[in-house]
>>> print(open('start_32.tsv').read())   # TSV, C-alpha atoms
chain	number	residue	atom	x	y	z
C	1	MET	CA	116.77	98.02	96.08
C	2	SER	CA	112.99	98.24	96.54
C	3	THR	CA	111.37	101.67	96.39
C	4	MET	CA	108.17	100.42	98.10
C	5	THR	CA	107.19	102.78	100.94
C	6	LEU	CA	103.36	102.69	100.99
C	7	VAL	CA	102.92	99.25	102.60
C	8	PRO	CA	105.32	96.70	104.13
C	9	TRP	CA	104.79	94.19	101.31
C	10	GLY	CA	102.91	93.68	98.06
C	11	GLY	CA	102.90	91.81	94.77
C	12	SER	CA	105.57	94.15	93.39
C	13	GLU	CA	108.05	92.71	95.93
C	14	GLU	CA	107.82	89.08	94.87
C	15	LEU	CA	110.15	89.05	91.86
C	16	TRP	CA	113.14	90.87	93.34
C	17	SER	CA	112.90	89.15	96.74
C	18	ARG	CA	112.58	85.62	95.40
C	19	THR	CA	115.39	86.30	92.95
C	20	ALA	CA	117.57	87.52	95.84
C	21	LEU	CA	116.90	84.25	97.68
C	22	TYR	CA	117.64	82.23	94.54
C	23	LEU	CA	120.97	83.97	93.94
C	24	ALA	CA	122.00	83.86	97.60
C	25	ALA	CA	121.39	80.10	97.61
C	26	GLN	CA	123.79	79.83	94.66
C	27	GLY	CA	126.54	81.61	96.56
C	28	PHE	CA	126.17	85.15	95.24
C	29	ALA	CA	126.65	87.99	97.71
C	30	VAL	CA	123.31	89.80	97.70
C	31	SER	CA	122.41	92.98	99.59
C	32	ALA	CA	118.89	94.41	99.74
C	33	SER	CA	117.81	97.94	100.61
C	34	VAL	CA	114.20	98.18	101.83
C	35	HIS	CA	112.13	100.69	103.75
C	36	GLY	CA	112.56	100.20	107.48
C	37	TRP	CA	109.11	99.18	108.66
C	38	SER	CA	108.87	98.35	112.34
C	39	PRO	CA	108.60	95.49	112.84
C	40	PRO	CA	110.07	94.25	109.55
C	41	HIS	CA	107.74	92.19	107.37
C	42	ARG	CA	108.17	88.42	107.72
C	43	ARG	CA	109.41	88.22	104.12
C	44	VAL	CA	112.20	90.68	104.94
C	45	LEU	CA	113.15	88.51	107.92
C	46	GLU	CA	113.16	85.49	105.59
C	47	LEU	CA	115.71	87.24	103.37
C	48	LYS	CA	117.95	87.80	106.39
C	49	GLN	CA	117.61	84.19	107.50
C	50	HIS	CA	118.75	82.95	104.09
C	51	GLY	CA	121.90	84.99	103.79
C	52	VAL	CA	120.75	88.22	102.15
C	53	ASP	CA	122.39	91.30	103.68
C	54	VAL	CA	119.26	93.38	104.35
C	55	ARG	CA	119.69	97.12	104.96
C	56	LEU	CA	116.63	98.84	106.45
C	57	ARG	CA	116.29	102.45	105.32
C	58	PRO	CA	115.02	104.76	108.08
C	59	SER	CA	112.07	107.03	107.31
C	60	GLU	CA	113.00	110.54	106.27
C	61	PRO	CA	112.82	112.93	109.25
C	62	VAL	CA	110.48	115.92	109.09
C	63	TRP	CA	113.42	118.34	109.27
C	64	SER	CA	114.98	116.72	106.16
C	65	ARG	CA	111.78	117.04	104.12
C	66	ALA	CA	111.43	120.69	105.19
C	67	ARG	CA	115.05	121.42	104.31
C	68	ARG	CA	114.64	119.94	100.83
C	69	ARG	CA	111.58	122.08	100.17
C	70	ILE	CA	113.31	125.26	101.40
C	71	LEU	CA	116.47	124.63	99.38
C	72	ASP	CA	114.60	123.08	96.42
C	73	SER	CA	117.18	120.30	96.56
C	74	ASN	CA	117.19	117.24	94.29
C	75	SER	CA	119.17	115.22	96.83
C	76	THR	CA	116.62	113.01	98.55
C	77	TRP	CA	116.79	111.08	101.79
C	78	VAL	CA	116.47	107.78	99.90
C	79	ARG	CA	119.34	108.67	97.58
C	80	THR	CA	121.55	109.41	100.59
C	81	GLN	CA	120.71	106.06	102.17
C	82	VAL	CA	121.26	104.11	98.95
C	83	GLU	CA	124.51	105.94	98.25
C	84	LYS	CA	125.80	104.77	101.64
C	85	LEU	CA	124.91	101.18	100.77
C	86	ILE	CA	126.54	101.41	97.35
C	87	SER	CA	129.69	102.96	98.79
C	88	SER	CA	130.05	100.23	101.40
C	89	GLY	CA	129.13	97.30	99.19
C	90	CYS	CA	130.78	98.06	95.81
C	91	PRO	CA	128.07	96.13	93.91
C	92	GLU	CA	128.69	94.58	90.53
C	93	LEU	CA	125.07	95.20	89.55
C	94	VAL	CA	122.32	97.35	91.07
C	95	VAL	CA	118.69	96.21	90.65
C	96	TYR	CA	116.04	98.87	91.24
C	97	SER	CA	112.51	97.52	91.74
C	98	ASP	CA	109.68	100.07	91.59
C	99	GLY	CA	105.95	99.54	92.07
C	100	GLY	CA	105.21	102.16	89.40
C	101	ASN	CA	106.53	103.10	85.98
C	102	PHE	CA	110.14	104.02	86.88
C	103	PRO	CA	112.36	104.25	89.98
C	104	PRO	CA	113.11	107.76	91.29
C	105	ILE	CA	115.33	109.66	88.86
C	106	GLU	CA	117.91	110.51	91.55
C	107	LEU	CA	118.64	106.81	92.11
C	108	ILE	CA	119.17	106.12	88.42
C	109	GLU	CA	121.39	109.18	88.03
C	110	LEU	CA	123.41	107.99	91.03
C	111	CYS	CA	124.41	104.82	89.16
C	112	VAL	CA	125.20	106.74	85.99
C	113	VAL	CA	127.45	109.19	87.86
C	114	LYS	CA	129.24	106.37	89.67
C	115	GLU	CA	129.43	104.27	86.47
C	116	LEU	CA	127.68	101.33	88.13
C	117	PRO	CA	125.84	98.77	86.00
C	118	PHE	CA	122.12	98.79	86.84
C	119	VAL	CA	118.73	97.47	85.77
C	120	THR	CA	115.21	98.68	86.54
C	121	ILE	CA	112.04	96.69	87.18
C	122	SER	CA	108.74	98.53	86.61
C	123	GLN	CA	105.79	96.73	88.17
C	124	ALA	CA	102.77	98.85	87.16
C	125	ASN	CA	101.72	101.94	85.24
C	126	SER	CA	98.74	104.26	84.95
C	127	GLU	CA	97.84	106.51	82.06
C	128	SER	CA	95.60	108.61	84.32
C	129	SER	CA	97.96	109.22	87.26
C	130	GLU	CA	99.62	112.63	87.40
C	131	ARG	CA	102.74	111.23	89.07
C	132	ASN	CA	103.36	108.91	86.10
C	133	TRP	CA	103.32	111.73	83.53
C	134	PHE	CA	106.47	113.77	84.08
C	135	ASP	CA	106.93	117.44	83.32
C	136	ASP	CA	109.29	118.15	80.43
C	137	PRO	CA	112.52	118.68	82.44
C	138	LEU	CA	112.00	115.44	84.40
C	139	ALA	CA	111.13	113.47	81.26
C	140	GLU	CA	114.36	114.79	79.69
C	141	ARG	CA	116.36	113.55	82.69
C	142	TYR	CA	114.85	110.07	82.30
C	143	ARG	CA	115.59	110.07	78.56
C	144	ALA	CA	119.19	110.94	79.35
C	145	VAL	CA	119.88	108.09	81.78
C	146	LEU	CA	117.55	105.16	81.05
C	147	PRO	CA	119.46	104.10	77.90
C	148	ALA	CA	122.44	103.48	80.23
C	149	ALA	CA	120.54	100.70	82.02
C	150	ARG	CA	121.64	97.17	81.18
C	151	ARG	CA	117.91	96.40	80.97
C	152	CYS	CA	114.63	98.15	81.70
C	153	PHE	CA	112.31	95.32	82.72
C	154	PHE	CA	108.52	95.61	82.53
C	155	VAL	CA	105.84	93.09	83.50
C	156	SER	CA	103.70	93.71	80.41
C	157	ARG	CA	104.11	95.07	76.91
C	158	ALA	CA	101.34	97.60	77.58
C	159	ASN	CA	103.21	98.98	80.60
C	160	GLN	CA	106.36	99.31	78.51
C	161	HIS	CA	104.55	101.11	75.69
C	162	LEU	CA	102.91	103.55	78.10
C	163	ALA	CA	106.20	104.24	79.91
C	164	GLU	CA	107.90	105.02	76.60
C	165	ASN	CA	105.11	107.49	75.81
C	166	GLN	CA	105.53	109.08	79.24
C	167	ILE	CA	109.21	109.87	78.66
C	168	GLY	CA	108.91	110.49	74.92
C	169	CYS	CA	111.28	107.89	73.50
C	170	ASP	CA	111.69	104.19	72.73
C	171	LEU	CA	113.77	102.04	75.07
C	172	PRO	CA	115.77	99.55	72.99
C	173	ASN	CA	117.00	97.98	76.25
C	174	ALA	CA	113.44	97.20	77.43
C	175	GLU	CA	112.34	93.61	78.08
C	176	VAL	CA	109.20	91.96	79.48
C	177	VAL	CA	109.54	89.57	82.42
C	178	TYR	CA	106.96	87.76	84.56
C	179	ASN	CA	106.31	87.72	88.28
C	180	PRO	CA	106.24	84.48	90.29
C	181	PHE	CA	102.81	83.20	91.27
C	182	ASN	CA	101.56	81.72	94.54
C	183	VAL	CA	99.94	78.52	93.35
C	184	ASP	CA	101.22	75.18	92.11
C	185	ILE	CA	101.80	75.15	88.36
C	186	ASN	CA	99.65	71.98	88.19
C	187	ALA	CA	96.85	73.38	90.38
C	188	SER	CA	93.43	71.96	89.54
C	189	PRO	CA	90.86	72.73	92.26
C	190	PRO	CA	87.43	71.15	91.68
C	191	TRP	CA	84.75	73.19	89.94
C	192	PRO	CA	82.13	74.29	92.53
C	193	PRO	CA	78.45	73.42	91.94
C	194	LEU	CA	76.73	76.18	89.96
C	195	GLY	CA	73.67	76.65	92.16
C	196	GLU	CA	74.57	80.32	92.40
C	197	LEU	CA	77.29	82.21	90.58
C	198	ARG	CA	80.22	82.71	92.99
C	199	LEU	CA	82.32	85.76	92.19
C	200	ALA	CA	85.66	86.46	93.90
C	201	SER	CA	87.55	89.73	94.08
C	202	VAL	CA	91.12	88.93	95.14
C	203	ALA	CA	93.03	92.17	95.64
C	204	ARG	CA	94.22	94.76	98.08
C	205	LEU	CA	91.23	96.79	99.22
C	206	TYR	CA	92.52	99.96	97.62
C	207	VAL	CA	89.95	101.62	95.37
C	208	PRO	CA	92.21	104.02	93.39
C	209	SER	CA	93.98	101.11	91.67
C	210	LYS	CA	91.78	98.04	92.18
C	211	GLY	CA	88.44	99.71	91.39
C	212	GLN	CA	86.19	97.70	93.72
C	213	ASP	CA	83.70	100.59	93.69
C	214	ILE	CA	83.15	100.01	89.96
C	215	LEU	CA	82.32	96.36	90.62
C	216	LEU	CA	79.85	97.17	93.41
C	217	GLU	CA	78.05	99.85	91.40
C	218	ALA	CA	77.74	97.48	88.44
C	219	LEU	CA	76.28	94.71	90.63
C	220	ALA	CA	73.79	97.18	92.14
C	221	ASP	CA	72.08	97.47	88.75
C	222	SER	CA	68.47	96.24	88.79
C	223	LEU	CA	69.36	93.45	86.34
C	224	TRP	CA	71.31	91.68	89.09
C	225	ALA	CA	68.57	91.88	91.71
C	226	SER	CA	66.79	88.73	90.52
C	227	ARG	CA	69.93	86.77	89.65
C	228	LYS	CA	71.49	84.17	91.95
C	229	TRP	CA	75.01	85.29	92.80
C	230	ARG	CA	77.39	86.00	95.65
C	231	LEU	CA	80.57	88.07	95.80
C	232	SER	CA	83.47	87.51	98.22
C	233	PHE	CA	86.26	90.03	98.76
C	234	TYR	CA	89.62	88.44	99.62
C	235	GLY	CA	92.36	90.67	100.97
C	236	ASP	CA	92.61	93.76	103.11
C	237	GLY	CA	93.69	97.36	102.73
C	238	PRO	CA	93.09	101.00	103.59
C	239	ASN	CA	89.62	101.18	101.98
C	240	ARG	CA	87.96	98.22	103.69
C	241	VAL	CA	85.60	100.29	105.86
C	242	THR	CA	84.72	102.54	102.92
C	243	LEU	CA	83.83	99.50	100.81
C	244	GLU	CA	81.82	97.94	103.63
C	245	ARG	CA	79.82	101.17	103.90
C	246	LEU	CA	79.34	101.27	100.12
C	247	VAL	CA	77.95	97.73	100.24
C	248	LEU	CA	75.41	98.90	102.84
C	249	ARG	CA	74.52	102.04	100.88
C	250	LEU	CA	73.84	99.95	97.78
C	251	GLY	CA	71.79	97.41	99.74
C	252	LEU	CA	74.06	94.48	98.79
C	253	GLN	CA	74.95	93.29	102.29
C	254	ASP	CA	73.08	89.97	101.86
C	255	ARG	CA	75.10	89.12	98.74
C	256	ILE	CA	78.63	90.21	99.69
C	257	SER	CA	81.19	89.12	102.29
C	258	PHE	CA	84.68	90.28	103.28
C	259	GLU	CA	86.89	87.25	103.89
C	260	GLY	CA	90.23	88.94	104.65
C	261	HIS	CA	93.48	87.19	103.74
C	262	VAL	CA	93.31	83.51	102.80
C	263	ALA	CA	96.65	81.70	102.70
C	264	SER	CA	95.66	79.08	100.14
C	265	VAL	CA	94.92	80.35	96.63
C	266	GLU	CA	93.53	76.96	95.65
C	267	LYS	CA	91.06	77.14	98.55
C	268	ILE	CA	89.68	80.39	97.13
C	269	TRP	CA	89.10	78.78	93.75
C	270	ALA	CA	87.63	75.59	95.17
C	271	GLU	CA	84.78	77.82	96.40
C	272	ASN	CA	84.39	80.33	93.54
C	273	HIS	CA	83.71	80.30	89.80
C	274	VAL	CA	85.02	83.62	88.45
C	275	LEU	CA	87.65	86.25	89.26
C	276	VAL	CA	86.31	89.81	88.98
C	277	MET	CA	89.08	92.39	88.48
C	278	PRO	CA	87.77	95.95	87.80
C	279	SER	CA	91.21	97.61	88.06
C	280	ARG	CA	91.88	101.19	87.06
C	281	TYR	CA	95.57	100.42	86.49
C	282	GLU	CA	97.84	97.38	86.81
C	283	GLY	CA	101.01	95.67	85.69
C	284	LEU	CA	100.13	92.04	84.97
C	285	PRO	CA	98.10	90.97	88.02
C	286	LEU	CA	99.31	87.82	89.78
C	287	VAL	CA	95.75	87.04	90.81
C	288	VAL	CA	94.70	86.83	87.16
C	289	VAL	CA	97.49	84.35	86.43
C	290	GLU	CA	96.64	82.34	89.55
C	291	ALA	CA	92.91	82.22	88.82
C	292	MET	CA	93.55	81.04	85.28
C	293	LEU	CA	96.04	78.41	86.46
C	294	CYS	CA	93.24	77.16	88.73
C	295	GLY	CA	90.88	76.92	85.76
C	296	ARG	CA	88.76	79.99	86.42
C	297	PRO	CA	87.65	82.59	83.86
C	298	VAL	CA	88.30	86.27	84.54
C	299	VAL	CA	86.24	89.45	84.12
C	300	ALA	CA	88.81	92.25	83.94
C	301	THR	CA	89.25	95.75	82.60
C	302	ASN	CA	91.35	96.20	79.50
C	303	VAL	CA	94.20	97.96	81.29
C	304	ALA	CA	97.93	97.19	81.32
C	305	GLY	CA	98.70	93.53	80.61
C	306	ASN	CA	95.20	92.07	81.11
C	307	SER	CA	94.51	91.76	77.38
C	308	GLU	CA	97.89	90.04	76.92
C	309	ILE	CA	96.68	87.09	78.96
C	310	VAL	CA	92.85	87.17	78.92
C	311	ASP	CA	91.33	86.22	75.56
C	312	ASP	CA	88.02	88.08	75.47
C	313	GLY	CA	85.06	85.72	75.10
C	314	VAL	CA	87.30	82.65	75.28
C	315	THR	CA	89.07	82.64	78.66
C	316	GLY	CA	87.12	85.50	80.21
C	317	PHE	CA	85.67	88.91	79.45
C	318	LEU	CA	87.29	92.33	79.10
C	319	ALA	CA	85.65	95.68	79.75
C	320	ASP	CA	86.97	98.32	77.36
C	321	ALA	CA	87.64	100.77	80.20
C	322	PRO	CA	87.29	100.93	84.01
C	323	THR	CA	83.82	102.51	84.11
C	324	VAL	CA	80.59	101.24	85.65
C	325	PRO	CA	78.65	100.96	82.34
C	326	LEU	CA	81.42	99.14	80.51
C	327	TYR	CA	82.28	96.81	83.37
C	328	GLY	CA	78.56	96.15	83.81
C	329	ARG	CA	78.35	95.03	80.16
C	330	ALA	CA	81.23	92.62	80.70
C	331	LEU	CA	79.47	91.17	83.76
C	332	ASN	CA	76.25	90.77	81.77
C	333	ARG	CA	78.13	88.89	79.06
C	334	LEU	CA	79.44	86.62	81.79
C	335	TRP	CA	75.92	85.98	83.09
C	336	GLU	CA	74.56	85.23	79.63
C	337	ARG	CA	77.24	82.58	79.11
C	338	ARG	CA	77.31	81.17	82.65
C	339	SER	CA	76.58	77.65	81.37
C	340	GLU	CA	79.92	77.79	79.50
C	341	LEU	CA	82.07	78.97	82.40
C	342	GLU	CA	83.60	75.62	83.29
C	343	ASP	CA	84.72	75.14	79.68
C	344	MET	CA	86.09	78.70	79.64
C	345	GLY	CA	88.01	77.90	82.81
C	346	ARG	CA	89.60	74.89	81.15
C	347	ALA	CA	90.55	77.10	78.19
C	348	ALA	CA	92.00	79.66	80.62
C	349	ALA	CA	94.14	77.00	82.34
C	350	LYS	CA	95.55	75.85	79.00
C	351	HIS	CA	96.07	79.38	77.69
C	352	VAL	CA	97.94	80.72	80.73
C	353	ARG	CA	100.34	77.78	80.77
C	354	GLU	CA	101.25	78.59	77.18
C	355	LYS	CA	101.89	82.26	78.05
C	356	ILE	CA	103.55	82.26	81.47
C	357	PRO	CA	106.76	80.31	82.28
C	358	ALA	CA	106.55	77.71	85.03
C	359	ASP	CA	109.47	79.22	86.96
C	360	PRO	CA	109.70	83.01	86.40
C	361	VAL	CA	112.22	83.44	89.23
C	362	ARG	CA	114.77	81.06	87.72
C	363	ILE	CA	114.39	82.73	84.32
C	364	PHE	CA	114.83	86.23	85.76
C	365	ALA	CA	117.78	85.12	87.91
C	366	GLU	CA	119.51	83.69	84.85
C	367	LYS	CA	119.01	87.02	83.05
C	368	ILE	CA	120.67	88.79	85.99
C	369	LYS	CA	123.55	86.28	85.96
C	370	ASP	CA	124.01	86.84	82.22
C	371	LEU	CA	124.30	90.57	82.84
C	372	LEU	CA	126.93	89.96	85.52
>>> encode(input="start_32.tsv", output="structure tokens")
Amino acid sequence: MSTMTLVPWGGSEELWSRTALYLAAQGFAVSASVHGWSPPHRRVLELKQHGVDVRLRPSEPVWSRARRRILDSNSTWVRTQVEKLISSGCPELVVYSDGGNFPPIELIELCVVKELPFVTISQANSESSERNWFDDPLAERYRAVLPAARRCFFVSRANQHLAENQIGCDLPNAEVVYNPFNVDINASPPWPPLGELRLASVARLYVPSKGQDILLEALADSLWASRKWRLSFYGDGPNRVTLERLVLRLGLQDRISFEGHVASVEKIWAENHVLVMPSRYEGLPLVVVEAMLCGRPVVATNVAGNSEIVDDGVTGFLADAPTVPLYGRALNRLWERRSELEDMGRAAAKHVREKIPADPVRIFAEKIKDLL
């Protein structure tokens, strides 16, 4: 069951969906509950085509939201929909995948009440987001039910540690797993000529999490005016127009382009030297793994799992926090060592292959089978 409701698809959906396909291909009966976008995303249709019983949850009607507020009810629309699925399917194991720190408490309590085995997958976390720091009664409810999970999976140790702080207890059943990536494990795109430094930002154009404004402000510093560089944004999102206007306000329109979605990750890295990732919060970004697999160094903020995979000064550079001054310092370190970038990229390619398994889906699917 995916709790994603903000967009039809995202990086948080890769692990559960590919695992569902893997298990269905092995003969397991797999059902999936997802938000009912119209039309359904192509990846949801792919699940259906390969034997996964997909249940589309309708959006909560306005009258239902109003009724909950009036009655101060804990019973949510999503819980009602999931309870129907559970009642009709009698699952042997429920897998909750959440794009944040934990799935909604009502869904976890549902499994505890019905004595159903369950696991959680937490795909990201933020120490500065109000919604991720629970008030005391809600934190107590999480402390009461999370130990009942067969596993609480996180995508980085940093996310796990922060989540444990947010509920006020250790989770002995916690475990770190990795997301599947969208590039060949043996990818080796050629290193582009270094006539000008080519920077690539590969992320959803969503400033609150991805921090593209920090990057633009740092590059608007007078130090970068005389340097030869270009920046390409890959991806789309709700803040594209805002970012385009910020580029104009900062006078960077001759240096920056918006490329939209590019299907081939290797094509991106055949044309660029460095991944720039000024995130305010993360899990363990797939784009960091993919860039390093392609032999490219990374300039990232030291949030979530970035420091678990980027070796500062060896495979890339880390800014101590997502602020313009600190990220600007990391970019300046990159510029000062630009003659070493190809060697750093080779070190990144070697390092990431030692850290990340070649087939995260198979490994995660085997963990699920062991729990069954």
>>> atom_distance(input="start_32.tsv", atom1="CA of Thr19 (chain C)", atom2="CA of Gly283 (chain C)")
18.6 Å
>>> residues_around(input="start_32.tsv", residues="Val288 (chain C)", least_positions_apart="6", cutoff="12 Å", atoms="all atoms listed in the file", output="ChimeraX atom specification")
/C:179,181-183,200-203,265,269,274-279,282,294-301,305-310,315-316,345,348-349,352,356
>>> atom_distance(input="start_32.tsv", atom1="CA of Leu293 (chain C)", atom2="CA of His351 (chain C)")
8.8 Å
>>> atom_distance(input="start_32.tsv", atom1="CA of Arg141 (chain C)", atom2="CA of Glu109 (chain C)")
8.5 Å
>>> residues_around(input="start_32.tsv", residues="region 28-37 of chain C", least_positions_apart="2", cutoff="9 Å", atoms="only C-alpha atoms", output="ChimeraX atom specification")
/C:1-5,7-8,17,20-21,23-26,39-41,44,47,51-59,81-82,85,89,91
>>> residues_near_point(input="start_32.tsv", point="(111.2, 81.8, 88.7)", cutoff="9 Å", atoms="all atoms listed in the file", output="PyMOL selection string")
chain C and resi 15+18-19+22+178-181+357-365
>>> closest_residue(input="start_32.tsv", among="C:Gly237, C:Pro190, C:Gly99, C:Pro325", to="Asn272 (chain C)", atoms="only C-alpha atoms")
C:Pro190
>>> closest_residue(input="start_32.tsv", among="C:Asp320, C:Glu92, C:Glu271, C:Asp213", to="Arg245 (chain C)", atoms="all atoms listed in the file")
C:Asp213
>>> residues_around(input="start_32.tsv", residues="Glu336 (chain C)", least_positions_apart="4", cutoff="12 Å", atoms="all atoms listed in the file", output="VMD selection string")
chain C and resid 197 223 to 224 227 313 317 329 to 332 340 to 341
>>> closest_residue(input="start_32.tsv", among="C:Arg338, C:Lys355, C:His273, C:Lys228", to="Asp311 (chain C)", atoms="all atoms listed in the file")
C:Lys355
>>> residues_around(input="start_32.tsv", residues="Ala124 (chain C)", least_positions_apart="3", cutoff="12 Å", atoms="only C-alpha atoms", output="NGL selection string")
:C and (11-13 or 97-103 or 121 or 127 or 129 or 132 or 153-163 or 179 or 209 or 279-286 or 303-306)
>>> closest_residue(input="start_32.tsv", among="C:Leu216, C:Cys90, C:Val262, C:Leu372", to="Leu250 (chain C)", atoms="all atoms listed in the file")
C:Leu216
>>> residues_around(input="start_32.tsv", residues="region 166-170 of chain C", least_positions_apart="3", cutoff="7 Å", atoms="only C-alpha atoms", output="list in words")
Trp133, Phe134, Ala139, Tyr142, Arg143, Leu162 and Ala163 of chain C
